[in-house]
>>> print(open('model02.tsv').read())   # TSV, N, CA and C atoms
chain	number	residue	atom	x	y	z
A	1	MET	N	240.57	-14.44	168.83
A	1	MET	CA	241.43	-15.03	167.82
A	1	MET	C	241.58	-16.52	168.13
A	2	ASP	N	241.40	-17.35	167.11
A	2	ASP	CA	241.55	-18.79	167.28
A	2	ASP	C	243.03	-19.17	167.37
A	3	GLN	N	243.27	-20.27	168.04
A	3	GLN	CA	244.63	-20.80	168.11
A	3	GLN	C	244.71	-22.05	167.26
A	4	MET	N	245.90	-22.30	166.72
A	4	MET	CA	246.11	-23.48	165.89
A	4	MET	C	247.53	-23.95	166.13
A	5	ASN	N	247.69	-25.24	166.29
A	5	ASN	CA	249.01	-25.82	166.42
A	5	ASN	C	249.40	-26.40	165.07
A	6	VAL	N	250.60	-26.08	164.62
A	6	VAL	CA	251.08	-26.59	163.34
A	6	VAL	C	252.46	-27.18	163.53
A	7	SER	N	252.81	-28.10	162.64
A	7	SER	CA	254.15	-28.69	162.66
A	7	SER	C	254.92	-28.15	161.47
A	8	ILE	N	256.15	-27.70	161.72
A	8	ILE	CA	257.00	-27.19	160.64
A	8	ILE	C	258.39	-27.80	160.77
A	9	THR	N	259.11	-27.73	159.69
A	9	THR	CA	260.46	-28.33	159.67
A	9	THR	C	261.42	-27.50	160.53
A	10	ASP	N	262.52	-28.12	160.90
A	10	ASP	CA	263.54	-27.42	161.69
A	10	ASP	C	264.05	-26.19	160.94
A	11	ARG	N	264.19	-26.31	159.64
A	11	ARG	CA	264.65	-25.19	158.82
A	11	ARG	C	263.70	-24.00	158.93
A	12	LEU	N	262.39	-24.28	158.88
A	12	LEU	CA	261.41	-23.19	159.00
A	12	LEU	C	261.38	-22.62	160.42
A	13	VAL	N	261.57	-23.47	161.40
A	13	VAL	CA	261.64	-22.98	162.79
A	13	VAL	C	262.80	-21.98	162.91
A	14	SER	N	263.95	-22.34	162.36
A	14	SER	CA	265.11	-21.43	162.42
A	14	SER	C	264.81	-20.13	161.71
A	15	TYR	N	264.13	-20.23	160.56
A	15	TYR	CA	263.79	-19.03	159.80
A	15	TYR	C	262.86	-18.11	160.60
A	16	VAL	N	261.83	-18.69	161.21
A	16	VAL	CA	260.88	-17.90	162.00
A	16	VAL	C	261.61	-17.24	163.17
A	17	ARG	N	262.45	-18.00	163.84
A	17	ARG	CA	263.19	-17.44	164.99
A	17	ARG	C	264.10	-16.29	164.55
A	18	LYS	N	264.73	-16.46	163.39
A	18	LYS	CA	265.60	-15.41	162.86
A	18	LYS	C	264.79	-14.14	162.57
A	19	LYS	N	263.59	-14.30	162.05
A	19	LYS	CA	262.73	-13.14	161.78
A	19	LYS	C	262.34	-12.42	163.07
A	20	VAL	N	262.01	-13.18	164.10
A	20	VAL	CA	261.65	-12.57	165.39
A	20	VAL	C	262.86	-11.87	165.97
A	21	LYS	N	264.03	-12.52	165.89
A	21	LYS	CA	265.27	-11.95	166.43
A	21	LYS	C	265.64	-10.64	165.73
A	22	SER	N	265.22	-10.51	164.45
A	22	SER	CA	265.55	-9.29	163.69
A	22	SER	C	264.88	-8.05	164.28
A	23	GLY	N	263.84	-8.26	165.10
A	23	GLY	CA	263.15	-7.14	165.72
A	23	GLY	C	261.95	-6.66	164.92
A	24	ARG	N	261.79	-7.13	163.74
A	24	ARG	CA	260.65	-6.70	162.93
A	24	ARG	C	259.35	-7.30	163.44
A	25	TYR	N	259.43	-8.49	164.04
A	25	TYR	CA	258.25	-9.18	164.56
A	25	TYR	C	258.43	-9.40	166.06
A	26	ASN	N	257.31	-9.35	166.79
A	26	ASN	CA	257.37	-9.56	168.25
A	26	ASN	C	257.39	-11.03	168.62
A	27	ASN	N	256.79	-11.87	167.78
A	27	ASN	CA	256.72	-13.30	168.10
A	27	ASN	C	256.50	-14.11	166.82
A	28	ALA	N	256.55	-15.43	167.00
A	28	ALA	CA	256.41	-16.34	165.86
A	28	ALA	C	255.05	-16.21	165.19
A	29	SER	N	254.01	-15.94	165.96
A	29	SER	CA	252.67	-15.80	165.39
A	29	SER	C	252.61	-14.67	164.38
A	30	GLU	N	253.27	-13.55	164.69
A	30	GLU	CA	253.28	-12.43	163.75
A	30	GLU	C	253.97	-12.81	162.44
A	31	VAL	N	255.04	-13.58	162.54
A	31	VAL	CA	255.76	-14.02	161.34
A	31	VAL	C	254.83	-14.89	160.49
A	32	VAL	N	254.17	-15.83	161.12
A	32	VAL	CA	253.29	-16.75	160.40
A	32	VAL	C	252.11	-15.98	159.80
A	33	ARG	N	251.51	-15.06	160.55
A	33	ARG	CA	250.38	-14.27	160.02
A	33	ARG	C	250.82	-13.47	158.80
A	34	GLU	N	252.00	-12.85	158.88
A	34	GLU	CA	252.52	-12.09	157.73
A	34	GLU	C	252.73	-13.00	156.52
A	35	ALA	N	253.28	-14.17	156.76
A	35	ALA	CA	253.52	-15.11	155.66
A	35	ALA	C	252.19	-15.53	155.03
A	36	LEU	N	251.18	-15.78	155.85
A	36	LEU	CA	249.88	-16.17	155.33
A	36	LEU	C	249.20	-15.03	154.58
A	37	ARG	N	249.35	-13.79	155.07
A	37	ARG	CA	248.80	-12.63	154.33
A	37	ARG	C	249.44	-12.51	152.96
A	38	ARG	N	250.76	-12.70	152.93
A	38	ARG	CA	251.47	-12.64	151.64
A	38	ARG	C	251.00	-13.76	150.71
A	39	MET	N	250.78	-14.94	151.26
A	39	MET	CA	250.30	-16.06	150.47
A	39	MET	C	248.91	-15.74	149.90
A	40	GLU	N	248.05	-15.14	150.73
A	40	GLU	CA	246.72	-14.73	150.26
A	40	GLU	C	246.84	-13.72	149.13
A	41	ASP	N	247.71	-12.72	149.30
A	41	ASP	CA	247.91	-11.71	148.26
A	41	ASP	C	248.41	-12.34	146.97
A	42	GLU	N	249.34	-13.29	147.10
A	42	GLU	CA	249.88	-13.96	145.92
A	42	GLU	C	248.80	-14.78	145.22
A	43	ASP	N	247.95	-15.47	145.99
A	43	ASP	CA	246.85	-16.23	145.40
A	43	ASP	C	245.88	-15.30	144.68
A	44	ALA	N	245.55	-14.18	145.30
A	44	ALA	CA	244.64	-13.22	144.67
A	44	ALA	C	245.25	-12.66	143.39
A	45	ARG	N	246.54	-12.39	143.41
A	45	ARG	CA	247.23	-11.89	142.22
A	45	ARG	C	247.20	-12.94	141.11
A	46	ALA	N	247.42	-14.19	141.47
A	46	ALA	CA	247.39	-15.27	140.47
A	46	ALA	C	246.01	-15.37	139.84
A	47	VAL	N	244.97	-15.20	140.63
A	47	VAL	CA	243.61	-15.24	140.09
A	47	VAL	C	243.40	-14.07	139.14
A	48	ARG	N	243.86	-12.89	139.52
A	48	ARG	CA	243.72	-11.71	138.64
A	48	ARG	C	244.46	-11.93	137.33
A	49	LEU	N	245.66	-12.51	137.40
A	49	LEU	CA	246.43	-12.74	136.19
A	49	LEU	C	245.81	-13.83	135.33
A	50	ALA	N	245.19	-14.82	135.97
A	50	ALA	CA	244.57	-15.91	135.21
A	50	ALA	C	243.29	-15.44	134.53
A	51	LYS	N	242.61	-14.49	135.13
A	51	LYS	CA	241.36	-13.96	134.57
A	51	LYS	C	241.44	-12.44	134.54
A	52	PRO	N	242.25	-11.90	133.64
A	52	PRO	CA	242.39	-10.44	133.62
A	52	PRO	C	241.09	-9.76	133.20
A	53	SER	N	240.87	-8.59	133.74
A	53	SER	CA	239.69	-7.82	133.35
A	53	SER	C	239.96	-7.17	132.00
A	54	ALA	N	238.91	-6.69	131.39
A	54	ALA	CA	239.06	-6.00	130.10
A	54	ALA	C	240.01	-4.82	130.26
A	55	GLU	N	239.94	-4.14	131.38
A	55	GLU	CA	240.82	-2.99	131.63
A	55	GLU	C	242.28	-3.41	131.69
A	56	ASP	N	242.56	-4.58	132.33
A	56	ASP	CA	243.92	-5.09	132.40
A	56	ASP	C	244.46	-5.38	131.00
A	57	ILE	N	243.62	-5.98	130.17
A	57	ILE	CA	244.03	-6.33	128.81
A	57	ILE	C	244.26	-5.07	127.98
A	58	LEU	N	243.34	-4.12	128.08
A	58	LEU	CA	243.47	-2.90	127.28
A	58	LEU	C	244.70	-2.09	127.67
A	59	THR	N	245.08	-2.14	128.94
A	59	THR	CA	246.25	-1.41	129.40
A	59	THR	C	247.52	-1.88	128.69
A	60	ASP	N	247.57	-3.19	128.36
A	60	ASP	CA	248.75	-3.76	127.74
A	60	ASP	C	248.77	-3.61	126.22
A	61	LEU	N	247.68	-3.10	125.62
A	61	LEU	CA	247.62	-2.98	124.17
A	61	LEU	C	248.17	-1.63	123.71
A	62	THR	N	248.73	-1.63	122.51
A	62	THR	CA	249.18	-0.38	121.91
A	62	THR	C	247.98	0.33	121.31
A	63	GLU	N	248.13	1.59	121.03
A	63	GLU	CA	247.04	2.37	120.41
A	63	GLU	C	246.67	1.77	119.06
A	64	GLN	N	247.66	1.31	118.32
A	64	GLN	CA	247.40	0.71	117.01
A	64	GLN	C	246.57	-0.57	117.16
A	65	GLN	N	246.89	-1.39	118.15
A	65	GLN	CA	246.11	-2.61	118.38
A	65	GLN	C	244.68	-2.28	118.77
A	66	ILE	N	244.51	-1.28	119.62
A	66	ILE	CA	243.17	-0.86	120.04
A	66	ILE	C	242.37	-0.37	118.84
A	67	GLU	N	243.00	0.39	117.97
A	67	GLU	CA	242.30	0.89	116.79
A	67	GLU	C	241.88	-0.25	115.87
A	68	ARG	N	242.75	-1.25	115.70
A	68	ARG	CA	242.37	-2.41	114.88
A	68	ARG	C	241.18	-3.15	115.49
A	69	ILE	N	241.14	-3.24	116.82
A	69	ILE	CA	240.01	-3.88	117.49
A	69	ILE	C	238.74	-3.08	117.23
A	70	ARG	N	238.84	-1.76	117.35
A	70	ARG	CA	237.67	-0.90	117.09
A	70	ARG	C	237.16	-1.11	115.67
A	71	GLN	N	238.08	-1.16	114.70
A	71	GLN	CA	237.68	-1.35	113.31
A	71	GLN	C	236.97	-2.69	113.13
A	72	ARG	N	237.49	-3.73	113.73
A	72	ARG	CA	236.86	-5.05	113.61
A	72	ARG	C	235.49	-5.07	114.27
A	73	VAL	N	235.35	-4.40	115.42
A	73	VAL	CA	234.05	-4.34	116.08
A	73	VAL	C	233.05	-3.59	115.21
A	74	ARG	N	233.47	-2.44	114.66
A	74	ARG	CA	232.58	-1.67	113.78
A	74	ARG	C	232.14	-2.51	112.58
A	75	ALA	N	233.09	-3.20	111.96
A	75	ALA	CA	232.78	-4.03	110.79
A	75	ALA	C	231.82	-5.16	111.19
A	76	SER	N	232.02	-5.73	112.36
A	76	SER	CA	231.14	-6.81	112.81
A	76	SER	C	229.74	-6.30	113.09
A	77	VAL	N	229.62	-5.13	113.70
A	77	VAL	CA	228.31	-4.55	113.98
A	77	VAL	C	227.59	-4.24	112.66
A	78	GLU	N	228.34	-3.71	111.70
A	78	GLU	CA	227.74	-3.42	110.38
A	78	GLU	C	227.27	-4.71	109.70
A	79	ALA	N	228.04	-5.78	109.84
A	79	ALA	CA	227.65	-7.06	109.25
A	79	ALA	C	226.37	-7.59	109.90
A	80	ILE	N	226.28	-7.45	111.21
A	80	ILE	CA	225.07	-7.89	111.92
A	80	ILE	C	223.88	-7.05	111.46
A	81	ASP	N	224.08	-5.74	111.37
A	81	ASP	CA	223.00	-4.86	110.90
A	81	ASP	C	222.55	-5.24	109.49
A	82	ALA	N	223.48	-5.73	108.68
A	82	ALA	CA	223.15	-6.13	107.31
A	82	ALA	C	222.60	-7.56	107.25
A	83	GLY	N	222.47	-8.20	108.42
A	83	GLY	CA	221.92	-9.56	108.45
A	83	GLY	C	222.92	-10.64	108.13
A	84	GLU	N	224.20	-10.31	108.16
A	84	GLU	CA	225.25	-11.28	107.85
A	84	GLU	C	225.76	-11.94	109.13
A	85	TYR	N	224.99	-12.89	109.62
A	85	TYR	CA	225.38	-13.63	110.82
A	85	TYR	C	224.66	-14.96	110.83
A	86	THR	N	225.08	-15.85	111.70
A	86	THR	CA	224.44	-17.15	111.87
A	86	THR	C	223.90	-17.21	113.29
A	87	ALA	N	222.63	-17.55	113.41
A	87	ALA	CA	222.01	-17.68	114.73
A	87	ALA	C	222.14	-19.12	115.21
A	88	TYR	N	222.51	-19.31	116.46
A	88	TYR	CA	222.61	-20.63	117.06
A	88	TYR	C	221.65	-20.66	118.24
A	89	GLU	N	220.75	-21.66	118.25
A	89	GLU	CA	219.76	-21.72	119.32
A	89	GLU	C	219.88	-23.02	120.11
A	90	GLY	N	219.79	-22.91	121.41
A	90	GLY	CA	219.78	-24.07	122.29
A	90	GLY	C	221.09	-24.84	122.30
A	91	ARG	N	221.04	-25.99	122.96
A	91	ARG	CA	222.23	-26.83	123.09
A	91	ARG	C	222.74	-27.31	121.74
A	92	GLU	N	221.82	-27.69	120.87
A	92	GLU	CA	222.23	-28.17	119.56
A	92	GLU	C	222.93	-27.06	118.78
A	93	GLY	N	222.44	-25.84	118.89
A	93	GLY	CA	223.08	-24.72	118.23
A	93	GLY	C	224.48	-24.48	118.76
A	94	LEU	N	224.63	-24.54	120.09
A	94	LEU	CA	225.95	-24.36	120.69
A	94	LEU	C	226.90	-25.48	120.26
A	95	ARG	N	226.35	-26.71	120.15
A	95	ARG	CA	227.18	-27.83	119.71
A	95	ARG	C	227.66	-27.60	118.27
A	96	LYS	N	226.76	-27.10	117.40
A	96	LYS	CA	227.14	-26.82	116.02
A	96	LYS	C	228.21	-25.73	115.97
A	97	LEU	N	228.04	-24.70	116.79
A	97	LEU	CA	229.03	-23.61	116.84
A	97	LEU	C	230.38	-24.16	117.29
A	98	ALA	N	230.38	-24.94	118.38
A	98	ALA	CA	231.63	-25.51	118.90
A	98	ALA	C	232.28	-26.42	117.87
A	99	ASP	N	231.47	-27.25	117.19
A	99	ASP	CA	232.03	-28.14	116.17
A	99	ASP	C	232.68	-27.34	115.04
A	100	GLY	N	232.05	-26.24	114.65
A	100	GLY	CA	232.61	-25.39	113.59
A	100	GLY	C	233.92	-24.75	114.02
A	101	VAL	N	233.96	-24.26	115.25
A	101	VAL	CA	235.19	-23.64	115.77
A	101	VAL	C	236.31	-24.67	115.82
A	102	LYS	N	236.00	-25.87	116.31
A	102	LYS	CA	237.02	-26.93	116.38
A	102	LYS	C	237.52	-27.30	114.99
A	103	ALA	N	236.60	-27.41	114.05
A	103	ALA	CA	236.99	-27.79	112.68
A	103	ALA	C	237.90	-26.73	112.08
A	104	ARG	N	237.57	-25.45	112.28
A	104	ARG	CA	238.43	-24.37	111.75
A	104	ARG	C	239.79	-24.39	112.43
A	105	GLY	N	239.81	-24.64	113.73
A	105	GLY	CA	241.07	-24.70	114.46
A	105	GLY	C	241.94	-25.85	113.99
A	106	ARG	N	241.32	-27.02	113.80
A	106	ARG	CA	242.08	-28.18	113.32
A	106	ARG	C	242.64	-27.92	111.92
A	107	LYS	N	241.84	-27.28	111.07
A	107	LYS	CA	242.28	-26.96	109.71
A	107	LYS	C	243.47	-26.01	109.76
A	108	LEU	N	243.38	-24.99	110.61
A	108	LEU	CA	244.48	-24.03	110.74
A	108	LEU	C	245.74	-24.71	111.26
A	109	LEU	N	245.60	-25.58	112.26
A	109	LEU	CA	246.76	-26.29	112.80
A	109	LEU	C	247.38	-27.19	111.74
A	110	ALA	N	246.54	-27.85	110.94
A	110	ALA	CA	247.06	-28.72	109.88
A	110	ALA	C	247.83	-27.90	108.84
A	111	GLN	N	247.29	-26.71	108.51
A	111	GLN	CA	247.97	-25.84	107.55
A	111	GLN	C	249.32	-25.38	108.10
A	112	GLN	N	249.34	-25.02	109.37
A	112	GLN	CA	250.59	-24.57	109.98
A	112	GLN	C	251.60	-25.72	110.04
A	113	ALA	N	251.13	-26.93	110.36
A	113	ALA	CA	252.03	-28.09	110.40
A	113	ALA	C	252.62	-28.36	109.03
A	114	ALA	N	251.78	-28.23	107.99
A	114	ALA	CA	252.26	-28.45	106.62
A	114	ALA	C	253.31	-27.40	106.25
A	115	LYS	N	253.08	-26.16	106.63
A	115	LYS	CA	254.05	-25.10	106.33
A	115	LYS	C	255.36	-25.34	107.09
A	116	ARG	N	255.23	-25.82	108.34
A	116	ARG	CA	256.44	-26.10	109.12
A	116	ARG	C	257.24	-27.21	108.47
A	117	SER	N	256.55	-28.27	108.05
A	117	SER	CA	257.28	-29.39	107.46
A	117	SER	C	257.87	-29.01	106.10
A	118	ALA	N	257.28	-28.00	105.45
A	118	ALA	CA	257.82	-27.52	104.19
A	118	ALA	C	258.91	-26.47	104.42
A	119	GLY	N	259.14	-26.11	105.70
A	119	GLY	CA	260.18	-25.12	106.01
A	119	GLY	C	259.73	-23.69	105.86
A	120	ILE	N	258.42	-23.47	105.67
A	120	ILE	CA	257.91	-22.10	105.51
A	120	ILE	C	257.78	-21.40	106.86
A	121	LEU	N	257.39	-22.16	107.89
A	121	LEU	CA	257.29	-21.61	109.25
A	121	LEU	C	258.36	-22.25	110.11
A	122	PRO	N	258.91	-21.50	111.09
A	122	PRO	CA	259.89	-22.11	112.00
A	122	PRO	C	259.20	-23.13	112.90
A	123	ALA	N	259.94	-24.13	113.34
A	123	ALA	CA	259.41	-25.14	114.24
A	123	ALA	C	259.02	-24.48	115.55
A	124	ARG	N	257.96	-24.98	116.16
A	124	ARG	CA	257.53	-24.43	117.45
A	124	ARG	C	258.52	-24.83	118.51
A	125	SER	N	258.77	-23.90	119.43
A	125	SER	CA	259.67	-24.22	120.53
A	125	SER	C	258.94	-25.11	121.53
A	126	ARG	N	259.70	-25.78	122.35
A	126	ARG	CA	259.11	-26.63	123.38
A	126	ARG	C	258.23	-25.83	124.31
A	127	ARG	N	258.62	-24.62	124.63
A	127	ARG	CA	257.86	-23.77	125.54
A	127	ARG	C	256.48	-23.45	124.99
A	128	SER	N	256.36	-23.20	123.68
A	128	SER	CA	255.07	-22.83	123.12
A	128	SER	C	254.09	-23.98	123.10
A	129	LEU	N	254.57	-25.21	123.27
A	129	LEU	CA	253.69	-26.37	123.28
A	129	LEU	C	253.05	-26.56	124.64
A	130	GLN	N	253.56	-25.92	125.65
A	130	GLN	CA	253.04	-26.13	127.01
A	130	GLN	C	251.90	-25.20	127.31
>>> encode(input="model02.tsv", output="structure tokens")
Amino acid sequence: MDQMNVSITDRLVSYVRKKVKSGRYNNASEVVREALRRMEDEDARAVRLAKPSAEDILTDLTEQQIERIRQRVRASVEAIDAGEYTAYEGREGLRKLADGVKARGRKLLAQQAAKRSAGILPARSRRSLQ
């Protein structure tokens, strides 16, 4: 096991000593190792939450939401089978796709802003802007 010297504040020194004194830990190193393991677990959890798996997302959906997704997927597959799609090839194709998505998003945001200013939609809260 490697050794490492670290500097910590007096407040943290008191905290570590209190933990050792509690009897749960034999020494300061055990306290620090436990704290670092918890930090690792918290970081891993944050990564999982930032990039949830399909299973994580599906777990949070209601049966009605899942059924609507199934219906949309079926309709999309049928549209593809019927030849109703746009093919994008290469970088230029991806750029055209991205430009179209941005244009639709800007149009939607402009429509929502117009509805808000007309009093049709409630104003967005400060939290939703972050």
>>> closest_residue(input="model02.tsv", among="A:Arg91, A:Val16, A:Ile80, A:Ala46", to="Val32 in chain A", atoms="only N, CA and C atoms")
A:Val16
>>> atom_distance(input="model02.tsv", atom1="atom N of Glu30 in chain A", atom2="CA of Arg17 in chain A")
10.7 Å
>>> atom_distance(input="model02.tsv", atom1="CA of Gln71 in chain A", atom2="CA of Arg95 in chain A")
29.2 Å
>>> atom_distance(input="model02.tsv", atom1="CA of Leu36 in chain A", atom2="CA of Pro52 in chain A")
23.7 Å
>>> closest_residue(input="model02.tsv", among="A:Lys107, A:Lys19, A:Arg33, A:Arg24", to="Met4 in chain A", atoms="only C-alpha atoms")
A:Arg33
>>> select_by_dssp(input="model02.tsv", residues="chain A", states="helix (DSSP H, G or I)", output="PyMOL selection string")
chain A and resi 10-21+28-50+54-59+63-81+90-117+127-129
>>> axis_aligned_box(input="model02.tsv", around="range 109-118 of chain A", padding_each_side="5 Å", output="JSON")
{"center_x": 252.3, "center_y": -27.0, "center_z": 108.5, "size_x": 23.3, "size_y": 14.8, "size_z": 18.6}
>>> decode(input="model02.tsv", residues="range 79-105 of chain A", atoms="C-alpha atoms", output="short mmCIF file (atom, residue, chain, number, x, y, z; two decimals), in the first residue's frame")
data_model
loop_
_atom_site.label_atom_id
_atom_site.label_comp_id
_atom_site.auth_asym_id
_atom_site.auth_seq_id
_atom_site.Cartn_x
_atom_site.Cartn_y
_atom_site.Cartn_z
CA ALA A 79 -43.20 5.07 -42.33
CA ILE A 80 -39.67 3.85 -43.07
CA ASP A 81 -41.06 0.70 -44.68
CA ALA A 82 -43.27 2.94 -46.84
CA GLY A 83 -40.22 4.98 -47.88
CA GLU A 84 -41.23 8.05 -45.89
CA TYR A 85 -37.86 9.21 -44.60
CA THR A 86 -34.97 11.48 -45.48
CA ALA A 87 -31.50 10.03 -45.93
CA TYR A 88 -28.52 12.09 -44.74
CA GLU A 89 -25.06 11.12 -45.98
CA GLY A 90 -21.66 12.23 -44.78
CA ARG A 91 -20.73 15.38 -42.92
CA GLU A 92 -22.79 17.59 -45.18
CA GLY A 93 -25.84 15.42 -44.54
CA LEU A 94 -25.32 15.60 -40.78
CA ARG A 95 -24.90 19.38 -41.05
CA LYS A 96 -28.22 19.62 -42.95
CA LEU A 97 -29.92 17.45 -40.32
CA ALA A 98 -28.50 19.55 -37.47
CA ASP A 99 -29.50 22.79 -39.21
CA GLY A 100 -33.06 21.48 -39.64
CA VAL A 101 -33.31 20.43 -35.99
CA LYS A 102 -32.00 23.83 -34.85
CA ALA A 103 -34.42 25.67 -37.13
CA ARG A 104 -37.40 23.66 -35.80
CA GLY A 105 -36.25 24.25 -32.22
#
